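Trainee: Right, I'll just put the structure down here and ask away after.
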There are 2 protein chains.
Amino acid sequence: MLIECVPNFSEGRDTATIDAIVAAIASAGVTVVDHSSDPDHHRMVVTFLGAPEAVAEAAFAGAREAVTRIDLTRHEGVHPRFGAVDVIPLVPLGETPMAACVDLAHALGERLGDELGLPVYFYEAAARRPERRDLARVRAGGFDALCQQPLVEERAPDAGPAAAHPTAGAVAVGARGPLIAYNVHLDTDDVEIARRIAARIRERGGGPPGVKALGLRLASRRHAQVSVNITEPDRVSLDHVFERVRQEAARHGVAVTGSELVGALRLEDLLAVCRRTLGLRGLDRSQVLDLWEAPAARTKRNAQRTTQE
Amino acid sequence: MLIECVPNFSEGRDTATIDAIVAAIASAGVTVVDHSSDPDHHRMVVTFLGAPEAVAEAAFAGAREAVTRIDLTRHEGVHPRFGAVDVIPLVPLGETPMAACVDLAHALGERLGDELGLPVYFYEAAARRPERRDLARVRAGGFDALCQQPLVEERAPDAGPAAAHPTAGAVAVGARGPLIAYNVHLDTDDVEIARRIAARIRERGGGPPGVKALGLRLASRRHAQVSVNITEPDRVSLDHVFERVRQEAARHGVAVTGSELVGALRLEDLLAVCRRTLGLRGLDRSQVLDLWEAPAARTKRNAQRTTQE
């Protein structure tokens, strides 16, 4: 059984902390496929894979490092967050059933509550209350709101203490299907335009199914960005989102300068782009030679890119 | 050591022959990744992978079947050809050196000459004369020219008898790097337009490096096609060729209706399309989850598509 884990941590600037979190994860016997950080989001994302026990151990090790090192009372960043280790999604790969990720999320959450003193909320497939399926709702108000009230009644955590950790806040632990974290860069630093585009391309604003979007300003790069989560990648492909953003940006007289992927995606997602942009309707995964070669070239990457959920 | 072999046979209509050739190849202990045939090209392409000895055995078994079953004296098709088994390219995969494919091509060629009575020409990296590196030159004149003269002097084969096989012609055996066989469909059945587009997009006509192109009419599908070989896929990506064909077709007031891939490609070729069409400059192969999963889903396909070299 192979599980992907994509924890997001609220640190995108301090290299020592970033490296320590990645090292803690890597030392637990998993394969780190990708990690990236962004100083404006002030956030980092690590993507790793492994057997269930190793994944839980690695996620815990990364979380412990984050709780020790990150102080949210002094944290400012453009991305929503309520925890030092903000979200820990678990994703089944291959034949792994979703139930295995749900069980693992619950066990990991109990341990994060007991040993690190974090209030834990289970989301998406791991949610124990229907209203907690939606991560945005779980995280609403962020760290500040979390600290202003006892965590009781509708705010009561699913595991851990009934009060925010004073410096590390809370953590959302989930089980979910594949998600593509995809950012499109605009040739403007006007964040209002990015927000208007985001409002129109997200599902709630009439956009494609499963698309969530935020407009953000990246001060260090002097441009605005539409930060997108594609939560139903079998229905909405990357080029679809890219083209929608391009069209909406054009209405504001703004060009799109490029895009970036945070974390990993499935081969199927690349095939979908090629099928659509080239009319290559018959393209099949079996035609990709690399799938037939023995060990995948397990190159690790270390890029500075922006963050995810 | 893993080698890819992509033999092209001059049969695209008779299902019994097509199936027999594929079965002969598959029974030799290789993995058949893809096969396709086209009634207008009157040609089929099989893509298979394996260890060197198995690949040579499979290629020989397919060739024997083709020589037994295909009679070129009664063959008509839109694709250039001079043999029942027309070309056998060998491609190194992974860490396999090109020299291994060259050696295998020579050994296979000797056997095809000795046991099947085929004149054999070695091309590309396996060429023993510099002017035979270019397959088009080796095959110039096709089956008809081959039969009209003794195969001596500049036509003398590199292996096998000095006369065309009466029904199976000759065979070109080569070693080469990756090649993408890619066809773009036009919304017209005017083959002249396809030919004019082909003339402008091929390298010899001022097009991108390593691009070879033919304009063909597919009577059974009632449209014309630009049939392209991309021989330097690290320099020219699929979307580049698609866009060039689209632009040239637009000059004739003709739309492009889609495209098709014949055989296989590398993951890198898909990544290149996504990098270019989405401005996804940082995209890296390590971000593709499927490379990390244990056994590739070894789905076999059986599509009717058009043919290759």
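Residues in the structure tokens are named by chain (A, B, ... in the order shown) and by number from 1 within that chain; ligands are numbered from 1 in the order shown.
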I'd like the neighbourhood of segment 66-82 of chain A as a PyMOL selection string, where a residue qualifies if any of its atoms comes within 10 Å (using only C-alpha atoms), though same-chain residues fewer than 3 positions away should be ignored.
Mentor: chain A and resi 8-12+14+16-18+20-21+24+38-43+60-63+85-87+116-118+136+138-147+164-172+214-219+227+306-309
Trainee: Tell me, which residues of segment 141-244 of chain B carry DSSP strand (DSSP E), written as a VMD selection string?
Mentor: chain B and resid 171 to 175 180 to 186 211 to 218 223 to 230
Trainee: Counting only C-alpha atoms, figure out which residue out of A:Gln149, A:Asn229, A:Ser220, A:Thr31 gets nearest to chain B.
Mentor: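 Counting only C-alpha atoms, the residue closest to chain B is A:Thr31.
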Trainee: Residues of chain B within 6 Å of chain A, counting only C-alpha atoms, what are they? List them as a list in words.
Mentor: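 For chain B, the answer reads Gly258, Ser259, Glu260, Ala264, Leu265, Arg266, Leu267, Gly279, Leu280, Ser286, Gln287, Val288, Leu289, Leu291, Ala296 and Thr299 of chain B.
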Trainee: Could you tell me how far atom CA of Ser27 of chain B sits from atom CA of Gly160 of chain B, in Å to one decimal place?
Mentor: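 Answer for the atom CA of Gly160 of chain B to atom CA of Ser27 of chain B separation: 25.7 Å.
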Trainee: Give me the residues within 8 Å of Ile201 of chain B as a ChimeraX atom specification, counting only C-alpha atoms and dropping any in the same chain fewer than 3 places off.
Mentor: /B:197-198,205-208,211-213,241,244-245
